[in-house]
Structures are given as C-alpha cells and as structure tokens.
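K.L.:
Okay, so here is start-v6.txt, and as you'll see once you scroll down, it has compact mmCIF, C-alpha atoms.
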```txt
# COMPACT_ATOMS: atom_id res chain seq x y z
CA MET Z 1 63.65 97.93 93.02
CA GLU Z 2 61.48 95.14 94.40
CA SER Z 3 62.89 92.71 91.84
CA MET Z 4 66.43 93.54 92.96
CA LYS Z 5 65.52 92.91 96.60
CA MET Z 6 64.00 89.57 95.64
CA ALA Z 7 67.17 88.65 93.72
CA LEU Z 8 69.26 89.38 96.80
CA VAL Z 9 66.98 87.20 98.90
CA LEU Z 10 67.29 84.29 96.49
CA ILE Z 11 71.08 84.47 96.07
CA PRO Z 12 71.97 81.97 98.81
CA LEU Z 13 69.07 79.73 97.84
CA ILE Z 14 69.83 79.27 94.14
CA CYS Z 15 73.61 79.62 94.05
CA SER Z 16 76.42 77.45 95.28
CA PRO Z 17 79.05 79.25 97.42
CA GLY Z 18 81.45 79.22 94.49
CA HIS Z 19 79.08 81.36 92.40
CA LEU Z 20 77.87 83.87 94.98
CA GLN Z 21 80.61 86.33 94.03
CA GLU Z 22 78.96 86.76 90.62
CA PHE Z 23 76.30 88.86 92.36
CA GLU Z 24 78.68 91.22 94.17
CA HIS Z 25 77.76 94.09 91.88
CA LEU Z 26 74.24 94.06 93.35
CA LEU Z 27 75.53 95.01 96.79
CA PRO Z 28 75.84 98.74 97.58
CA MET Z 29 79.18 98.64 99.46
CA ARG Z 30 79.98 101.89 101.20
CA TYR Z 31 82.09 103.49 103.89
CA GLY Z 32 80.56 104.59 107.17
CA LYS Z 33 80.33 108.26 108.08
CA GLY Z 34 82.73 110.02 110.38
CA ARG Z 35 85.73 107.82 109.74
CA LYS Z 36 89.21 109.28 109.80
CA GLU Z 37 90.71 110.04 106.40
CA PHE Z 38 94.17 108.67 105.63
CA LYS Z 39 96.46 109.22 102.70
CA MET Z 40 96.01 106.04 100.67
CA ILE Z 41 98.86 103.61 101.27
CA SER Z 42 100.27 101.69 98.33
CA ILE Z 43 100.71 97.99 99.08
CA ALA Z 44 103.24 97.85 96.26
CA ARG Z 45 105.42 100.61 97.79
CA ALA Z 46 104.91 100.53 101.56
CA SER Z 47 107.26 98.41 103.64
CA VAL Z 48 106.18 94.85 104.37
CA LYS Z 49 106.88 95.54 108.05
CA MET Z 50 104.36 98.35 108.14
CA LEU Z 51 101.77 96.40 106.14
CA LEU Z 52 101.99 93.45 108.51
CA GLY Z 53 101.43 95.82 111.42
CA TYR Z 54 98.35 97.16 109.65
CA ALA Z 55 97.12 93.62 109.07
CA VAL Z 56 97.48 92.71 112.74
CA ARG Z 57 95.52 95.81 113.75
CA ALA Z 58 92.77 94.94 111.27
CA GLU Z 59 92.52 91.39 112.63
CA ILE Z 60 92.33 92.68 116.21
CA ASP Z 61 89.55 95.08 115.26
CA SER Z 62 87.68 92.40 113.30
CA ASN Z 63 87.86 89.95 116.20
CA ARG Z 64 86.39 92.53 118.57
CA ALA Z 65 83.68 93.53 116.11
CA TYR Z 66 82.53 89.95 115.55
CA LEU Z 67 82.46 89.29 119.31
CA ARG Z 68 80.25 92.37 119.76
CA MET Z 69 78.02 91.19 116.94
CA ALA Z 70 77.75 87.71 118.51
CA LYS Z 71 76.62 89.24 121.81
CA ARG Z 72 74.09 91.43 120.06
CA VAL Z 73 72.11 88.85 118.08
CA LYS Z 74 69.70 86.31 119.58
CA ASN Z 75 69.55 83.91 116.65
CA PRO Z 76 71.83 81.09 117.93
CA LEU Z 77 72.95 79.99 114.46
CA LEU Z 78 73.93 83.52 113.47
CA ARG Z 79 75.62 84.04 116.84
CA GLU Z 80 77.67 80.89 116.30
CA LYS Z 81 78.78 82.08 112.87
CA PHE Z 82 79.94 85.41 114.32
CA GLN Z 83 81.82 83.53 117.04
CA ILE Z 84 83.53 81.38 114.42
CA LEU Z 85 84.53 84.49 112.47
CA ALA Z 86 85.89 86.07 115.67
CA PHE Z 87 87.93 82.94 116.42
CA GLU Z 88 89.37 82.80 112.93
CA GLU Z 89 90.36 86.49 113.00
CA LYS Z 90 92.14 85.84 116.30
CA LYS Z 91 94.04 82.96 114.71
CA HIS Z 92 94.91 85.19 111.75
CA ARG Z 93 96.52 87.64 114.15
CA GLU Z 94 98.65 84.85 115.59
CA VAL Z 95 99.62 83.65 112.11
CA LEU Z 96 100.68 87.19 111.14
CA GLU Z 97 102.73 87.62 114.30
CA HIS Z 98 104.53 84.34 113.63
CA LEU Z 99 105.11 85.37 110.03
CA TYR Z 100 106.59 88.67 111.15
CA GLU Z 101 108.89 86.88 113.60
CA SER Z 102 110.09 84.52 110.86
CA LEU Z 103 110.86 87.47 108.56
CA TYR Z 104 112.33 89.90 111.10
CA HIS Z 105 113.90 87.84 113.86
CA GLY Z 106 113.91 89.60 117.21
CA GLU Z 107 112.11 92.73 116.02
CA GLU Z 108 108.86 93.72 117.68
CA ILE Z 109 105.97 94.27 115.31
CA GLN Z 110 104.64 97.82 115.32
CA VAL Z 111 100.85 97.76 115.46
CA PRO Z 112 99.16 101.14 114.79
CA ASP Z 113 96.18 102.38 116.76
CA GLU Z 114 94.18 102.80 113.55
CA VAL Z 115 94.26 101.52 109.99
CA ASP Z 116 93.62 103.34 106.72
CA GLU Z 117 89.88 102.74 106.23
CA LYS Z 118 90.28 102.79 102.44
CA LEU Z 119 92.85 100.01 102.68
CA LEU Z 120 91.36 97.85 105.43
CA PRO Z 121 87.95 99.17 106.50
CA SER Z 122 86.73 98.21 109.96
CA VAL Z 123 83.27 97.33 111.22
CA ARG Z 124 81.64 99.91 113.48
CA VAL Z 125 78.88 98.43 115.61
CA LYS Z 126 76.68 101.16 117.10
CA PRO Z 127 73.46 100.89 119.12
CA SER Z 128 71.59 102.30 116.12
CA SER Z 129 73.22 99.93 113.59
CA THR Z 130 70.88 97.47 111.91
CA LEU Z 131 71.93 93.90 111.21
CA VAL Z 132 71.87 94.62 107.47
CA ASP Z 133 74.15 97.64 107.93
CA ILE Z 134 76.59 95.65 110.07
CA LEU Z 135 76.70 92.87 107.48
CA TYR Z 136 77.37 95.47 104.76
CA GLN Z 137 80.36 96.73 106.68
CA ALA Z 138 81.62 93.23 107.47
CA MET Z 139 81.43 92.19 103.82
CA GLN Z 140 83.37 95.28 102.81
CA ALA Z 141 86.02 94.54 105.43
CA GLU Z 142 86.39 90.91 104.37
CA LYS Z 143 86.57 91.75 100.66
CA SER Z 144 89.24 94.36 101.34
CA ALA Z 145 91.19 91.90 103.49
CA GLU Z 146 91.05 89.30 100.72
CA ASN Z 147 92.52 91.78 98.23
CA PHE Z 148 95.04 93.09 100.76
CA TYR Z 149 96.52 89.67 101.53
CA ALA Z 150 96.59 88.70 97.87
CA ALA Z 151 98.55 91.86 97.05
CA LEU Z 152 100.83 91.52 100.08
CA GLY Z 153 101.56 87.93 99.06
CA ARG Z 154 103.16 89.28 95.90
CA ARG Z 155 105.65 91.14 98.08
CA VAL Z 156 106.82 88.04 99.96
CA ARG Z 157 108.86 85.17 98.61
CA PRO Z 158 107.90 81.49 98.84
CA PRO Z 159 107.30 79.60 101.06
CA LYS Z 160 106.09 82.54 103.22
CA LYS Z 161 103.92 83.71 100.31
CA LYS Z 162 101.66 80.68 100.83
CA ILE Z 163 100.67 81.99 104.26
CA LEU Z 164 99.33 85.24 102.81
CA ASP Z 165 97.66 83.44 99.91
CA TYR Z 166 95.93 81.21 102.46
CA LEU Z 167 94.73 84.20 104.48
CA SER Z 168 93.36 85.78 101.32
CA LYS Z 169 91.32 82.68 100.54
CA VAL Z 170 89.98 82.44 104.08
CA GLU Z 171 88.87 86.08 103.99
CA LYS Z 172 87.07 85.31 100.75
CA SER Z 173 85.22 82.46 102.46
CA HIS Z 174 84.24 84.90 105.22
CA TYR Z 175 82.87 87.29 102.61
CA LEU Z 176 80.75 84.57 101.01
CA MET Z 177 79.38 83.51 104.39
CA LEU Z 178 78.42 87.09 105.20
CA LEU Z 179 76.89 87.59 101.77
CA SER Z 180 74.56 84.68 102.43
CA GLU Z 181 73.66 86.03 105.87
CA TYR Z 182 73.03 89.45 104.37
CA ALA Z 183 70.50 87.99 101.95
CA MET Z 184 68.74 86.19 104.80
CA ALA Z 185 68.62 89.40 106.86
CA GLN Z 186 67.04 91.12 103.86
CA GLN Z 187 64.34 88.47 103.60
CA PHE Z 188 63.55 88.10 107.31
CA GLU Z 189 63.28 91.38 109.20
CA ASP Z 190 63.80 89.77 112.60
CA TYR Z 191 66.45 87.29 111.41
CA GLY Z 192 68.91 88.31 114.11
CA GLU Z 193 66.37 88.43 116.91
CA LYS Z 194 64.90 84.92 117.04
CA ASP Z 195 65.79 81.27 116.71
CA ILE Z 196 65.49 80.16 113.10
CA ASP Z 197 62.36 78.03 113.68
CA LYS Z 198 60.57 81.12 115.04
CA VAL Z 199 61.80 83.34 112.24
CA VAL Z 200 60.24 81.22 109.50
CA THR Z 201 56.93 80.48 111.26
```
Would you kindly transcribe this structure into structure tokens?
P.N.:
Amino acid sequence: MESMKMALVLIPLICSPGHLQEFEHLLPMRYGKGRKEFKMISIARASVKMLLGYAVRAEIDSNRAYLRMAKRVKNPLLREKFQILAFEEKKHREVLEHLYESLYHGEEIQVPDEVDEKLLPSVRVKPSSTLVDILYQAMQAEKSAENFYAALGRRVRPPKKKILDYLSKVEKSHYLMLLSEYAMAQQFEDYGEKDIDKVVT
C-alpha cells in the first residue's frame, strides 16, 4: 500500500504529461454518495440536440465547481489553476452554444437542471470534502467529458466535428493537470492550505 502511495506521489515528477495517462489504473475513481440515479443515456442513440444541452449543463456545473474550489484553497498556484479551469469551462459553454446555433438556426437550446451522473459526473464540493476527494471527482468529470465529446464528435459531420474533437482534447489536458495536482496533494498534506514555498519547508 505504501509503495502505491509513493508511486502516485512520483507520477508528476518522473513522467512527462504525455505519459501520465499510463498510470490511470492506479487511481480509484468513484461516484459520490447520494447522487440521483438516471437511466443511462446512449450517446449513439440520443438526439444531438439533447446531448448538447447536457454538455452545456455540465460545463456550467464545472465552471461553478472550479470557482468554489479556487475560493477554498490558499495555495496561490493551485488557486490560479482552478481559476484557469473555470475560465476554460465557461468558454466551452460558449463554444457549445455557438455550435448549437450553427446546427439548429433559431432554436433555443434546452439545458436540463441536472445531468446523468454516469454520463457526465459533476464535482460536489462540500465543507467536509478534502482536497484529494475533490480532485478525484474533478478527474472523473474531466475524463468523462473527454470521452463524451469524442463520442459526440462521431455524431456530427465535418467541419463541426472538429469543434467537439477539440473539446475532447482540452478536457484530456484538464484531466492530466488534475492528475498531477492529485499526486502533489497526496504527498503534501497541507498542499492546498499554504503557498508552495511554505509547503515544502
């Protein structure tokens, strides 16, 4: 068990970003408790209109979650990373809304109040949540978003397909960033509470 923890700590130190995904199997991804159960939606069968609405809701929720996380941590570097993630999720929402308009001229996108957690899990930040737990959830959300956009891209014809392929790749970059931060949070217990020079001294 200790050797596995040490491996997780060393991941961002010994691996380039392009190879971090090789260690995904070491991470115990899981769903939070008390989340609403949905009937699993098939990306291959559901309407593109509905799926885009789901995607917008997921981006809204992710933006809010990252802003809450940025306010919660005191480490300025980590706070800045959460703020960057929040900004990018906001831009993703705008990209999706423009994509919808280009596909369905004049129609208003229908954004649900909630999203199927098995399809696009959200991040729940509670007072009792630890930084490690929050990063677990965020990684799960980003990985699911990467797969979601890749699959949705197969439902849309070029050149619009490139937009969804791009979003998939950006979500992957988010996942890799969070994976690195997760490893740091594992190594340094107060990683989110202090400036980096005070964490390591």
K.L.:
Give the answer as one residue: which of Z:Val132, Z:Ala86, Z:Ala145, Z:Leu77 has the shortest atom-to-atom distance to Z:Tyr166, using all atoms listed in the file?
P.N.:
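Counting all atoms listed in the file, the residue closest to Z:Tyr166 is Z:Ala145.
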K.L.:
Within 10 Å of (84.2, 92.9, 112.4) (coordinates as in the file), grab all the protein and nucleic acid residues, counting all atoms listed in the file, and write them out as a ChimeraX atom specification.
P.N.:
/Z:58-69,82,85-86,89,121-125,134-135,137-142
K.L.:
So that I can check the surroundings of stretch 155-157 of chain Z, please list as a list in words every protein, DNA and RNA residue that reaches within 12 Å of it, counting all atoms listed in the file and ignoring chain neighbours fewer than 5 positions away.
P.N.:
Ser42, Ile43, Ala44, Arg45, Ala46, Ser47, Val48, Lys49, Leu51, Leu52, Leu99, Tyr100, Ser102, Leu103, Phe148, Tyr149, Ala150, Lys162, Ile163, Leu164 and Asp165 of chain Z
K.L.:
Can you measure atom CA of Z:Leu120 to atom CA of Z:Lys160 for me? One decimal in Å is fine.
P.N.:
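Interatomic distance here is 21.4 Å.
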K.L.:
When you draw a straight line from atom CA of Z:Leu78 to atom CA of Z:Lys91, how long is it in Å?
P.N.:
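Pair atom CA of Z:Leu78 / atom CA of Z:Lys91 returns 20.2 Å.
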K.L.:
First collect every listed atom of stretch 52-67 of chain Z; then fit an axis-aligned box around them, widen it by 4 Å on each side, and give centre and edge lengths in Å to one decimal, as JSON.
P.N.:
```
{"center_x": 92.2, "center_y": 93.2, "center_z": 113.9, "size_x": 27.5, "size_y": 15.9, "size_z": 18.8}
```
K.L.:
Anything within 7 Å of (69.1, 87.7, 117.6): list those residues as a list in words, counting all atoms listed in the file and sticking to the file's coordinates.
P.N.:
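Nearby residues: Arg72, Val73, Lys74, Asn75, Tyr191, Gly192, Glu193 and Lys194 of chain Z.
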K.L.:
Put those residues in a file: C-alpha atoms, as a PDB file, in the frame of the given file.
P.N.:
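Below you can see part-v7.pdb, which holds the result:
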```
ATOM      1  CA  ARG Z  72      74.090  91.430 120.060  1.00  0.00           C
ATOM      2  CA  VAL Z  73      72.110  88.850 118.080  1.00  0.00           C
ATOM      3  CA  LYS Z  74      69.700  86.310 119.580  1.00  0.00           C
ATOM      4  CA  ASN Z  75      69.550  83.910 116.650  1.00  0.00           C
ATOM      5  CA  TYR Z 191      66.450  87.290 111.410  1.00  0.00           C
ATOM      6  CA  GLY Z 192      68.910  88.310 114.110  1.00  0.00           C
ATOM      7  CA  GLU Z 193      66.370  88.430 116.910  1.00  0.00           C
ATOM      8  CA  LYS Z 194      64.900  84.920 117.040  1.00  0.00           C
TER       9      LYS Z 194
END
```
K.L.:
As an exercise, work out the distance from atom CA of Z:Arg93 to atom CA of Z:Glu108 in Å and give it to one decimal place.
P.N.:
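Distance reported for this atom pair: 14.2 Å.
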K.L.:
From the list Z:Ala70, Z:Pro158, Z:Glu101, Z:Met50, which residue is nearest Z:Phe87 when using all atoms listed in the file?
P.N.:
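The closest residue to Z:Phe87 is Z:Ala70.
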K.L.:
Which is closest to Z:Arg79 among Z:Gly153, Z:Glu117, Z:Leu131, Z:Ser144, if we use all atoms listed in the file?
P.N.:
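Going through Z:Gly153, Z:Glu117, Z:Leu131, Z:Ser144 one by one, the smallest distance to Z:Arg79 is for Z:Leu131.
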K.L.:
Can you work out which one of Z:Tyr136, Z:Glu189, Z:Glu146, Z:Arg57 has the shortest atom-to-atom distance to Z:Asp116, counting all atoms listed in the file?
P.N.:
Z:Arg57
K.L.:
Rank nothing, just name the residue among Z:Glu97, Z:Gly106, Z:Val111, Z:Ile84 nearest to Z:Met177, using only C-alpha atoms.
P.N.:
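With only C-alpha atoms as the atom set, the closest residue is Z:Ile84.
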